[in-house]
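Colleague: This is the structure I want to talk about, given as structure tokens.
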Amino acid sequence: MIAAILFGVFAVLLLIGAPIAVCLGVSSIAAIVVQGLGKPLATIMSSLPMIVSASTSKFVLLAIPFFIFAGNIMEKAGISGKLIALAESCVGHIKGGLAMVCVIVACFFAAISGSGPATVAALGVIMVPAMIRSGYKPAFSAALMAASGAIGVIIPPSITFVVYGSIADASIGELFIAGMVPGLIMGAALLLVALIVGRKMNLETLPKASGQERWKAFKDAFWGLLMPVIILGGIYGGIFTPTEAAAVSVVYGLFVGIFIYKKIKVQEFYSILIDTVSTTATVMFITAAASLFAYVLTRARLDVSISSGLEALTGGNVIIFFIIVNIILLIAGCFLDSTSALYIFTPLFVPVANALGIDLIHLGVVMIVNLAIGLFTPPVGVNLYVACGVGNVNLKQISKAVLGLIIAALTVLLLVTYIPKISLLFL
Amino acid sequence: STEANGEYQKIELVMAVNGTDIQIDSLVANKFAQLVEEESGGSVTVVVYPNDQLAGGNATKGIEMIAGGSVDLAAYATCTMAVIDEQLACATIPWIFDDYTDAREIIDATGGEYYAQRLSGKGITYLGSFHNGFRQITNGKKAVKTPADVKGLKIRVPGSEVFMRFFRTLGADPVAMSWSEVFTAIQQGTIDGQENGVSVTSSSKMSEIQDYMTLWNYSYENDLFVANTEIWEALEPKTRELLQEKATEACEWGRDEVEQQEVELVQNFRDAGMEVTELTDEQLDEFKAVMKDTRQEFIKKYGEKAQKAFQID
Amino acid sequence: MKFLNKIEEIIAATCLIVMTILTFSNVVARYVFSASFSFSEEITTYLFVLLSLLGTAIAAKRGAHLGLSIITDAVSPQVRKILHCIGFFIATIFCLAIFWYGIGMVANQRMLGQVTAGMQWPEWIFGSFVPIGAFFATIRFGEVLIKEIKSKPDVKGEEEMPS
Ligand code: NA
Ligand code: NA
């Protein structure tokens, strides 16, 4: 009954086009009001503001506003433009070259950021306009950025792995190593799709730049190129944490924008601030509502009945177990944020995996790849929302454009699931 | 005694804890749920939610939920519960218990009553307590044997002032950092170490990235097993009796479990290549000497009643 | 009146600036001066709550909260207008619920005498960020709803285009 209300109201609201956060939040409240969860309504509803507060006051999520902020600053300061010019001078003569750059840069950035939407926000303002200019359709450019951003949680450092490791009692260090190769394979698969899709679009190529032109572009982009150097150096040199790195990149961007390029004035700064707040909030509002949804799911024990029902089907078979894990998580990825999904499903899967003799590191990688894919599957995929903002496209357009990328990612998921060696190669 | 089965009211209670499935608060809660279900023949059931799952992973909100009654039962560490009454953290004053036996005796004699009385003013009923564990220090730089060894170390501590003050007094650089970032921060060398109970140190995989651990029992952390008073008093007396009895039993079991588990976990740390230092009484005295004034300040801050209840001298 | 229209923008912008400064200075304090702030994380995360909810209000005003437009694109302008109105109405109600129960949460925090874990400040000061933020979100979604009701069905374009 409660499941019917929860998912039913969600589906109806989704179809009438209500904001996603409202679909999640109001379907949760409807389920609470009808079912009651064994408490007076006022008592159970008192949890609502607490969950909103708890889910939006997580320190690691600060990477989202900070990287969005930094991305906006880089754009207004002209840093992005110079980096694009450099990328164009290097690969502009190759068909689909900028798509390549987009994916490769996302893989690099993944070594800085552990957050999907933050990766999209920071790189999107640079890469999406560049791809559009090279002939890719806006919707596909944004979709590729959304999908590439998901690599950020697979390649270490990744808070998602830390969360999984502490719930599942698995080595976090080994998880980090195990995530590397699947992350890179995911990048390669996305790139392949971008190149195939690109062949059907009318991609323009620029004349090949001369060595001199490239050198000039490099010099122009110097201050922009210094940013990843500072950030990576700071993280791996033990000066700041990945979350703090996001704040450092804001300060650096402002420094360059105000004192070196002298492009950011008070008025621009104000609009940067408000744009940042608005984009951040669209993600955080969904995060808060998704936490509420997760609350109802766990409080009504729906998570247990769903997975115990499905796990009864495994019959001690590893292949079937993984099929079920993947199905549950892919569906969950359409409703929940990745942290909630981990808290809900890890304790349910781990005992079964142990009984079946499955390596918990392998299970962790499978789960995280699943949740990474969830970041760019509609309707609830925070990467998509950030990318929509950056590429000025709507949810319907990006949902269509992202389909091919999802298929590629699912193929990678299958490989990672059934060839444990991919994850366990360096362990 | 299964004959009494039919006499218990049919009720499902919700219990929230902060730790993961394998941490002591979850273990005690699960044990309690199992005991209650067995004894009541399945009439009284307790559903346990680990990881503060119902409160978005946020312990402070978890405490608001038990106080407000959207959760029926809970177990939280005293330094977490201190957000509703700072006096609850009084047993975390450095070196007030020598060992676990000492802690058990004093808490069962007078400390528990003190907790019960403080909590009753907040609409929360105290049912019992178990060790969260003595807090120990780990770091990646050197074996800590003297106060001088701690000097300059960047140690992650929970935000609370007791811990900050303690490490500042020792000349260390206490860092208030979000727990979720600690693993990578230690791995990259952003901070040198952390301090926590043996159980958390183990479940957070510190032995993978830290070379040194010192067992100095510097602060005792208690887990309080509590119920929302309004809900508690609305229960049938017989059910209440059963729950109280089983809570006490689960807490006792939890204490034994922690004491036993820590021996095993410390051996695991050693097997993983960690250098574990156990301080001698003389070595400990050096630390206590440095901490003397600060410790007195804390004792004064918590007041005479607390001092009496926990037999602090 | 113009100020009232921008009040949540100004507060949210201030939040973002303070959060950035605190996080950055904490890095400097820890690395350069070996003395990190104990209050930085606490204030920053609480401000993040306020920023998220005020930002929700700002994004509502800008039409930046995305929904799926499969059906709304396919139906007649009149039906589309009705669907939009329903969507904004329940959005307003949702924010109103957060506001209403948020006030209850703050009242309970005061009654409990709750303090924050780190700085030991009264929790209700930070707790009030939830109803304050939700208040603005309610108002802005409500305004969008009224605007939608008053609008002519045929002039509606792509509702979910971010501005
Ligand atoms: Na990463
Ligand atoms: Na999704």
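Residue names in the structure tokens use chain letters A, B, ... in the order shown, residue numbers from 1 in each chain, and ligand numbers from 1 in the order shown.
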Using only C-alpha atoms, which residues sit within 10 Å of range 49-58 of chain C once same-chain residues fewer than 5 positions away are excluded, as a count of residues only?

Modeller: 56

Colleague: Once you count only C-alpha atoms and all ligand atoms, which residues end up within 6 Å of ligand 1, and could you hand them over as a list in words?

Modeller: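 The neighbouring residues of ligand 1 are, in order, Ala110, Ala111, Ile112, Ser113, Gly114, Gly152, Val153, Ile155, Pro156, Pro157 and Ser158 of chain A.
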
Colleague: Show me which residues are within 9 Å of ligand 2 counting only C-alpha atoms and all ligand atoms, and format the list as a PDB file with N, CA, C and O atoms, in the first residue's frame.

Modeller:
ATOM      1  N   LEU A 330      20.199   0.306 -10.218  1.00  0.00           N
ATOM      2  CA  LEU A 330      19.867   1.178 -11.344  1.00  0.00           C
ATOM      3  C   LEU A 330      18.503   1.824 -11.133  1.00  0.00           C
ATOM      4  O   LEU A 330      18.313   3.001 -11.425  1.00  0.00           O
ATOM      5  N   ILE A 331      17.576   1.054 -10.588  1.00  0.00           N
ATOM      6  CA  ILE A 331      16.269   1.641 -10.274  1.00  0.00           C
ATOM      7  C   ILE A 331      16.418   2.654  -9.140  1.00  0.00           C
ATOM      8  O   ILE A 331      15.911   3.772  -9.207  1.00  0.00           O
ATOM      9  N   ALA A 332      17.171   2.257  -8.108  1.00  0.00           N
ATOM     10  CA  ALA A 332      17.384   3.168  -6.980  1.00  0.00           C
ATOM     11  C   ALA A 332      18.019   4.473  -7.454  1.00  0.00           C
ATOM     12  O   ALA A 332      17.690   5.548  -6.966  1.00  0.00           O
ATOM     13  N   GLY A 333      18.926   4.352  -8.421  1.00  0.00           N
ATOM     14  CA  GLY A 333      19.611   5.527  -8.950  1.00  0.00           C
ATOM     15  C   GLY A 333      18.665   6.508  -9.614  1.00  0.00           C
ATOM     16  O   GLY A 333      19.014   7.663  -9.846  1.00  0.00           O
ATOM     17  N   CYS A 334      17.479   6.049  -9.937  1.00  0.00           N
ATOM     18  CA  CYS A 334      16.497   6.945 -10.538  1.00  0.00           C
ATOM     19  C   CYS A 334      15.730   7.735  -9.481  1.00  0.00           C
ATOM     20  O   CYS A 334      15.002   8.660  -9.787  1.00  0.00           O
ATOM     21  N   PHE A 335      15.863   7.344  -8.202  1.00  0.00           N
ATOM     22  CA  PHE A 335      15.103   8.021  -7.154  1.00  0.00           C
ATOM     23  C   PHE A 335      15.978   8.613  -6.055  1.00  0.00           C
ATOM     24  O   PHE A 335      15.603   9.573  -5.409  1.00  0.00           O
ATOM     25  N   LEU A 336      17.122   7.986  -5.820  1.00  0.00           N
ATOM     26  CA  LEU A 336      17.896   8.338  -4.624  1.00  0.00           C
ATOM     27  C   LEU A 336      19.218   8.983  -4.991  1.00  0.00           C
ATOM     28  O   LEU A 336      19.728   8.799  -6.091  1.00  0.00           O
ATOM     29  N   ASP A 337      19.784   9.704  -4.040  1.00  0.00           N
ATOM     30  CA  ASP A 337      21.154  10.157  -4.223  1.00  0.00           C
ATOM     31  C   ASP A 337      22.071   9.027  -3.780  1.00  0.00           C
ATOM     32  O   ASP A 337      21.652   8.106  -3.083  1.00  0.00           O
ATOM     33  N   LEU A 371      25.980   3.425  -9.072  1.00  0.00           N
ATOM     34  CA  LEU A 371      25.516   4.707  -8.543  1.00  0.00           C
ATOM     35  C   LEU A 371      26.053   5.864  -9.375  1.00  0.00           C
ATOM     36  O   LEU A 371      25.404   6.896  -9.516  1.00  0.00           O
ATOM     37  N   ALA A 372      27.250   5.684  -9.939  1.00  0.00           N
ATOM     38  CA  ALA A 372      27.801   6.708 -10.829  1.00  0.00           C
ATOM     39  C   ALA A 372      26.899   6.844 -12.050  1.00  0.00           C
ATOM     40  O   ALA A 372      26.596   7.954 -12.488  1.00  0.00           O
ATOM     41  N   ILE A 373      26.449   5.711 -12.579  1.00  0.00           N
ATOM     42  CA  ILE A 373      25.530   5.756 -13.724  1.00  0.00           C
ATOM     43  C   ILE A 373      24.230   6.462 -13.307  1.00  0.00           C
ATOM     44  O   ILE A 373      23.669   7.253 -14.059  1.00  0.00           O
ATOM     45  N   GLY A 374      23.804   6.182 -12.071  1.00  0.00           N
ATOM     46  CA  GLY A 374      22.592   6.826 -11.559  1.00  0.00           C
ATOM     47  C   GLY A 374      22.670   8.339 -11.565  1.00  0.00           C
ATOM     48  O   GLY A 374      21.653   9.022 -11.596  1.00  0.00           O
ATOM     49  N   LEU A 375      23.887   8.882 -11.543  1.00  0.00           N
ATOM     50  CA  LEU A 375      24.046  10.343 -11.556  1.00  0.00           C
ATOM     51  C   LEU A 375      23.593  10.957 -12.880  1.00  0.00           C
ATOM     52  O   LEU A 375      23.301  12.140 -12.947  1.00  0.00           O
ATOM     53  N   PHE A 376      23.587  10.143 -13.941  1.00  0.00           N
ATOM     54  CA  PHE A 376      23.155  10.737 -15.222  1.00  0.00           C
ATOM     55  C   PHE A 376      22.021   9.966 -15.902  1.00  0.00           C
ATOM     56  O   PHE A 376      21.815  10.074 -17.099  1.00  0.00           O
ATOM     57  N   THR A 377      21.284   9.181 -15.098  1.00  0.00           N
ATOM     58  CA  THR A 377      20.056   8.605 -15.659  1.00  0.00           C
ATOM     59  C   THR A 377      18.866   9.440 -15.213  1.00  0.00           C
ATOM     60  O   THR A 377      18.744   9.759 -14.055  1.00  0.00           O
ATOM     61  N   PRO A 378      17.997   9.821 -16.149  1.00  0.00           N
ATOM     62  CA  PRO A 378      16.781  10.540 -15.766  1.00  0.00           C
ATOM     63  C   PRO A 378      15.815   9.589 -15.068  1.00  0.00           C
ATOM     64  O   PRO A 378      15.937   8.380 -15.264  1.00  0.00           O
ATOM     65  N   PRO A 379      14.881  10.063 -14.285  1.00  0.00           N
ATOM     66  CA  PRO A 379      14.614  11.494 -14.030  1.00  0.00           C
ATOM     67  C   PRO A 379      15.483  12.096 -12.916  1.00  0.00           C
ATOM     68  O   PRO A 379      15.782  13.269 -12.991  1.00  0.00           O
ATOM     69  N   VAL A 380      15.859  11.320 -11.893  1.00  0.00           N
ATOM     70  CA  VAL A 380      16.669  11.913 -10.834  1.00  0.00           C
ATOM     71  C   VAL A 380      18.138  11.626 -11.096  1.00  0.00           C
ATOM     72  O   VAL A 380      18.626  10.539 -10.840  1.00  0.00           O
ATOM     73  N   GLY A 381      18.849  12.585 -11.634  1.00  0.00           N
ATOM     74  CA  GLY A 381      20.274  12.424 -11.880  1.00  0.00           C
ATOM     75  C   GLY A 381      20.905  13.790 -11.759  1.00  0.00           C
ATOM     76  O   GLY A 381      20.813  14.605 -12.665  1.00  0.00           O
ATOM     77  N   VAL A 382      21.520  14.044 -10.629  1.00  0.00           N
ATOM     78  CA  VAL A 382      21.950  15.416 -10.346  1.00  0.00           C
ATOM     79  C   VAL A 382      22.914  15.957 -11.400  1.00  0.00           C
ATOM     80  O   VAL A 382      22.909  17.146 -11.697  1.00  0.00           O
ATOM     81  N   ASN A 383      23.744  15.062 -11.981  1.00  0.00           N
ATOM     82  CA  ASN A 383      24.649  15.531 -13.031  1.00  0.00           C
ATOM     83  C   ASN A 383      23.869  16.138 -14.205  1.00  0.00           C
ATOM     84  O   ASN A 383      24.291  17.127 -14.798  1.00  0.00           O
ATOM     85  N   LEU A 384      22.747  15.522 -14.515  1.00  0.00           N
ATOM     86  CA  LEU A 384      21.940  16.015 -15.633  1.00  0.00           C
ATOM     87  C   LEU A 384      21.454  17.439 -15.371  1.00  0.00           C
ATOM     88  O   LEU A 384      21.427  18.269 -16.272  1.00  0.00           O
TER      89      LEU A 384
END

Colleague: Could you give me, as a list in words, the residues within 10 Å of Pro347 in chain A, counting only C-alpha atoms and dropping anything in the same chain fewer than 6 positions from it?

Modeller: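 Listed by chain and then number, they are Tyr164, Ile167, Ala168 and Val304 of chain A; Thr20, Asp21 and Pro50 of chain B.
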
Colleague: Selection from above, N, CA, C and O atoms, as a PDB file, in the first residue's frame, can you write it?

Modeller:
ATOM      1  N   TYR A 164      31.133   3.508   1.443  1.00  0.00           N
ATOM      2  CA  TYR A 164      30.930   2.070   1.243  1.00  0.00           C
ATOM      3  C   TYR A 164      31.885   1.260   2.121  1.00  0.00           C
ATOM      4  O   TYR A 164      31.473   0.311   2.796  1.00  0.00           O
ATOM      5  N   ILE A 167      30.829   1.074   5.731  1.00  0.00           N
ATOM      6  CA  ILE A 167      29.617   0.290   6.001  1.00  0.00           C
ATOM      7  C   ILE A 167      29.900  -1.207   5.784  1.00  0.00           C
ATOM      8  O   ILE A 167      29.475  -2.050   6.557  1.00  0.00           O
ATOM      9  N   ALA A 168      30.623  -1.511   4.705  1.00  0.00           N
ATOM     10  CA  ALA A 168      30.802  -2.913   4.335  1.00  0.00           C
ATOM     11  C   ALA A 168      31.990  -3.551   5.038  1.00  0.00           C
ATOM     12  O   ALA A 168      32.223  -4.733   4.897  1.00  0.00           O
ATOM     13  N   VAL A 304      13.962  -3.456   2.677  1.00  0.00           N
ATOM     14  CA  VAL A 304      14.202  -4.838   3.081  1.00  0.00           C
ATOM     15  C   VAL A 304      13.325  -5.790   2.274  1.00  0.00           C
ATOM     16  O   VAL A 304      13.802  -6.804   1.760  1.00  0.00           O
TER      17      VAL A 304
ATOM     18  N   THR B  20      27.924   1.966  12.298  1.00  0.00           N
ATOM     19  CA  THR B  20      27.632   1.033  11.215  1.00  0.00           C
ATOM     20  C   THR B  20      27.254  -0.325  11.819  1.00  0.00           C
ATOM     21  O   THR B  20      27.387  -0.525  13.019  1.00  0.00           O
ATOM     22  N   ASP B  21      26.820  -1.237  10.960  1.00  0.00           N
ATOM     23  CA  ASP B  21      26.389  -2.569  11.390  1.00  0.00           C
ATOM     24  C   ASP B  21      27.342  -3.283  12.338  1.00  0.00           C
ATOM     25  O   ASP B  21      26.915  -4.067  13.165  1.00  0.00           O
ATOM     26  N   PRO B  50      20.748   1.456  11.838  1.00  0.00           N
ATOM     27  CA  PRO B  50      22.126   1.896  12.067  1.00  0.00           C
ATOM     28  C   PRO B  50      22.446   3.160  11.251  1.00  0.00           C
ATOM     29  O   PRO B  50      21.610   3.638  10.475  1.00  0.00           O
TER      30      PRO B  50
END

Colleague: Would you compute the distance between CA of Phe259 in chain A and CA of Ser115 in chain A? Give it in Å to one decimal.

Modeller: 29.6 Å

Colleague: Could you write out as an MDAnalysis selection string the residues of chain B within 9 Å of chain A, counting only C-alpha atoms?

Modeller: chainID B and resid 12 14 20:22 49:51 53:58 60:62 64:65 68:71 178 180:191 203:205 208:209

Colleague: Of the residues A:Leu413, A:Leu192, A:Ile126, A:Leu360, which is the one nearest to Ala77 in chain A, using only C-alpha atoms?

Modeller: A:Ile126

Colleague: Find the residues in chain C near chain A: any atom within 6 Å counts, using only C-alpha atoms. Write them as a count of residues only.

Modeller: 24

Colleague: For chain B versus chain C, which residues have an atom no more than 7 Å away, and what is each residue's nearest atom pair and distance in Å rounded to one decimal, using only C-alpha atoms, chain-then-number order, as a Markdown table?

Modeller:
| residue | atom | partner | partner_atom | distance |
| --- | --- | --- | --- | --- |
| B:Val83 | CA | C:Val115 | CA | 5.0 |
| B:Ile84 | CA | C:Gln114 | CA | 4.4 |
| B:Lys122 | CA | C:Leu112 | CA | 6.1 |
| B:Gly159 | CA | C:Gly118 | CA | 4.4 |
| B:Ser160 | CA | C:Gly118 | CA | 4.7 |
| B:Glu161 | CA | C:Gly118 | CA | 6.9 |
| B:Asp173 | CA | C:Ala35 | CA | 6.1 |
| B:Val175 | CA | C:Ser36 | CA | 5.7 |
| B:Ala176 | CA | C:Ser38 | CA | 5.2 |

Colleague: B:Leu27, B:Leu224, B:Val144, B:Ala247: which is nearest Val276 in chain B, counting only C-alpha atoms?

Modeller: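 Nearest to Val276 in chain B: B:Val144.
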
Colleague: Report, in Å with one decimal, the straight-line distance from CA of Tyr220 in chain B to CA of Thr92 in chain B.

Modeller: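 Calculated distance between CA of Tyr220 in chain B and CA of Thr92 in chain B is 5.1 Å.
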
Colleague: Of the candidates B:Gly197, B:Ala67, B:Leu243, B:Lys10, which shows the shortest atom-to-atom distance to Ser43 in chain B, using only C-alpha atoms?

Modeller: B:Lys10

Colleague: Work out how far apart CA of Phe161 in chain A and CA of Leu415 in chain A are and give it in Å to one decimal.

Modeller: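 Computing the Euclidean distance for CA of Phe161 in chain A and CA of Leu415 in chain A yields 19.5 Å.
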
Colleague: List the neighbours of Ala289 in chain B out to 12 Å using only C-alpha atoms; skip same-chain residues closer than 2 positions along the sequence, and give me the result as a ChimeraX atom specification.

Modeller: /B:94-95,146-147,169-170,282-287,291-296

Colleague: Generate the output file for the selected residues, all heavy atoms, as a short mmCIF file (atom, residue, chain, number, x, y, z; two decimals), in the first residue's frame.

Modeller:
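Output file selection-v3.cif follows:
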data_model
loop_
_atom_site.label_atom_id
_atom_site.label_comp_id
_atom_site.auth_asym_id
_atom_site.auth_seq_id
_atom_site.Cartn_x
_atom_site.Cartn_y
_atom_site.Cartn_z
N PRO B 94 39.56 13.82 31.04
CA PRO B 94 40.72 12.94 30.93
C PRO B 94 40.99 12.13 32.21
O PRO B 94 40.99 12.69 33.30
CB PRO B 94 41.86 13.89 30.65
CG PRO B 94 41.21 15.06 29.98
CD PRO B 94 39.86 15.17 30.57
N TRP B 95 41.23 10.88 32.04
CA TRP B 95 41.67 9.95 33.06
C TRP B 95 40.86 9.98 34.35
O TRP B 95 41.41 10.14 35.44
CB TRP B 95 43.15 10.18 33.38
CG TRP B 95 44.00 9.85 32.20
CD1 TRP B 95 44.14 8.62 31.63
CD2 TRP B 95 44.81 10.74 31.44
NE1 TRP B 95 44.97 8.69 30.54
CE2 TRP B 95 45.41 10.00 30.41
CE3 TRP B 95 45.08 12.11 31.50
CZ2 TRP B 95 46.27 10.55 29.47
CZ3 TRP B 95 45.94 12.66 30.58
CH2 TRP B 95 46.53 11.89 29.58
N THR B 146 55.80 10.00 25.16
CA THR B 146 55.89 11.10 26.11
C THR B 146 55.07 12.27 25.57
O THR B 146 54.79 12.33 24.37
CB THR B 146 57.35 11.57 26.26
OG1 THR B 146 57.76 12.14 25.00
CG2 THR B 146 58.27 10.42 26.62
N PRO B 147 54.73 13.20 26.46
CA PRO B 147 53.98 14.39 25.99
C PRO B 147 54.71 15.10 24.84
O PRO B 147 54.06 15.62 23.94
CB PRO B 147 53.92 15.27 27.23
CG PRO B 147 53.96 14.31 28.37
CD PRO B 147 54.86 13.19 27.92
N THR B 169 46.65 21.65 25.07
CA THR B 169 47.47 21.63 26.28
C THR B 169 48.73 20.80 26.05
O THR B 169 49.81 21.12 26.54
CB THR B 169 46.68 21.05 27.47
OG1 THR B 169 45.45 21.75 27.56
CG2 THR B 169 47.46 21.17 28.76
N LEU B 170 48.59 19.73 25.27
CA LEU B 170 49.76 18.89 24.99
C LEU B 170 50.67 19.49 23.92
O LEU B 170 51.71 18.92 23.60
CB LEU B 170 49.30 17.50 24.53
CG LEU B 170 48.77 16.55 25.60
CD1 LEU B 170 48.29 15.26 24.94
CD2 LEU B 170 49.84 16.23 26.63
N GLU B 282 54.13 4.90 34.82
CA GLU B 282 55.07 6.03 34.93
C GLU B 282 54.92 6.95 33.71
O GLU B 282 54.90 8.16 33.83
CB GLU B 282 56.52 5.54 35.04
CG GLU B 282 56.87 4.81 36.33
CD GLU B 282 56.31 3.39 36.36
OE1 GLU B 282 56.36 2.70 35.31
OE2 GLU B 282 55.81 2.97 37.43
N GLN B 283 54.85 6.31 32.54
CA GLN B 283 54.71 7.11 31.31
C GLN B 283 53.39 7.90 31.34
O GLN B 283 53.36 9.07 30.98
CB GLN B 283 54.74 6.20 30.09
CG GLN B 283 56.14 5.73 29.74
CD GLN B 283 56.12 4.69 28.62
OE1 GLN B 283 55.27 3.81 28.60
NE2 GLN B 283 57.07 4.79 27.71
N LEU B 284 52.34 7.25 31.80
CA LEU B 284 51.04 7.92 31.88
C LEU B 284 51.08 9.11 32.83
O LEU B 284 50.49 10.16 32.56
CB LEU B 284 49.97 6.93 32.35
CG LEU B 284 49.02 6.40 31.29
CD1 LEU B 284 48.00 5.47 31.93
CD2 LEU B 284 48.32 7.52 30.56
N ASP B 285 51.81 8.93 33.95
CA ASP B 285 51.90 10.01 34.93
C ASP B 285 52.47 11.28 34.33
O ASP B 285 52.09 12.39 34.69
CB ASP B 285 52.75 9.56 36.13
CG ASP B 285 51.96 8.60 37.03
OD1 ASP B 285 50.72 8.59 36.91
OD2 ASP B 285 52.60 7.85 37.81
N GLU B 286 53.39 11.12 33.39
CA GLU B 286 53.96 12.29 32.71
C GLU B 286 52.87 13.08 31.98
O GLU B 286 52.83 14.30 32.05
CB GLU B 286 55.00 11.84 31.68
CG GLU B 286 56.41 11.73 32.20
CD GLU B 286 57.36 11.44 31.05
OE1 GLU B 286 57.61 12.35 30.24
OE2 GLU B 286 57.83 10.28 30.96
N PHE B 287 52.00 12.33 31.28
CA PHE B 287 50.90 12.99 30.58
C PHE B 287 49.96 13.66 31.58
O PHE B 287 49.51 14.78 31.38
CB PHE B 287 50.12 11.96 29.74
CG PHE B 287 50.80 11.58 28.46
CD1 PHE B 287 51.59 10.45 28.40
CD2 PHE B 287 50.66 12.36 27.33
CE1 PHE B 287 52.23 10.08 27.23
CE2 PHE B 287 51.28 12.00 26.15
CZ PHE B 287 52.07 10.86 26.10
N MET B 291 48.67 17.60 32.09
CA MET B 291 47.25 17.88 31.94
C MET B 291 46.60 18.38 33.23
O MET B 291 45.43 18.74 33.24
CB MET B 291 46.55 16.60 31.47
CG MET B 291 45.26 16.79 30.72
SD MET B 291 45.40 17.93 29.35
CE MET B 291 46.68 17.13 28.41
N LYS B 292 47.37 18.42 34.31
CA LYS B 292 46.81 18.65 35.64
C LYS B 292 45.87 19.86 35.73
O LYS B 292 44.71 19.73 36.14
CB LYS B 292 47.96 18.82 36.65
CG LYS B 292 47.51 18.59 38.08
CD LYS B 292 48.69 18.38 39.00
CE LYS B 292 48.22 18.36 40.44
NZ LYS B 292 48.66 19.50 41.22
N ASP B 293 46.34 21.02 35.31
CA ASP B 293 45.54 22.25 35.45
C ASP B 293 44.29 22.20 34.57
O ASP B 293 43.20 22.56 35.01
CB ASP B 293 46.38 23.48 35.09
CG ASP B 293 47.49 23.69 36.12
OD1 ASP B 293 47.37 23.09 37.22
OD2 ASP B 293 48.45 24.41 35.81
N THR B 294 44.50 21.79 33.33
CA THR B 294 43.38 21.72 32.41
C THR B 294 42.30 20.78 32.94
O THR B 294 41.11 21.06 32.87
CB THR B 294 43.86 21.21 31.03
OG1 THR B 294 44.99 21.98 30.64
CG2 THR B 294 42.78 21.32 29.99
N ARG B 295 42.77 19.67 33.50
CA ARG B 295 41.86 18.67 34.04
C ARG B 295 41.04 19.27 35.19
O ARG B 295 39.83 19.07 35.26
CB ARG B 295 42.68 17.48 34.52
CG ARG B 295 41.87 16.26 34.82
CD ARG B 295 42.78 15.06 35.04
NE ARG B 295 42.04 13.88 35.43
CZ ARG B 295 41.70 13.61 36.67
NH1 ARG B 295 42.04 14.44 37.64
NH2 ARG B 295 41.01 12.52 36.95
N GLN B 296 41.72 20.03 36.05
CA GLN B 296 41.02 20.66 37.16
C GLN B 296 39.95 21.63 36.66
O GLN B 296 38.86 21.71 37.21
CB GLN B 296 42.02 21.42 38.07
CG GLN B 296 42.80 20.51 39.00
CD GLN B 296 41.91 19.56 39.80
OE1 GLN B 296 40.86 19.94 40.30
NE2 GLN B 296 42.31 18.29 39.89
#
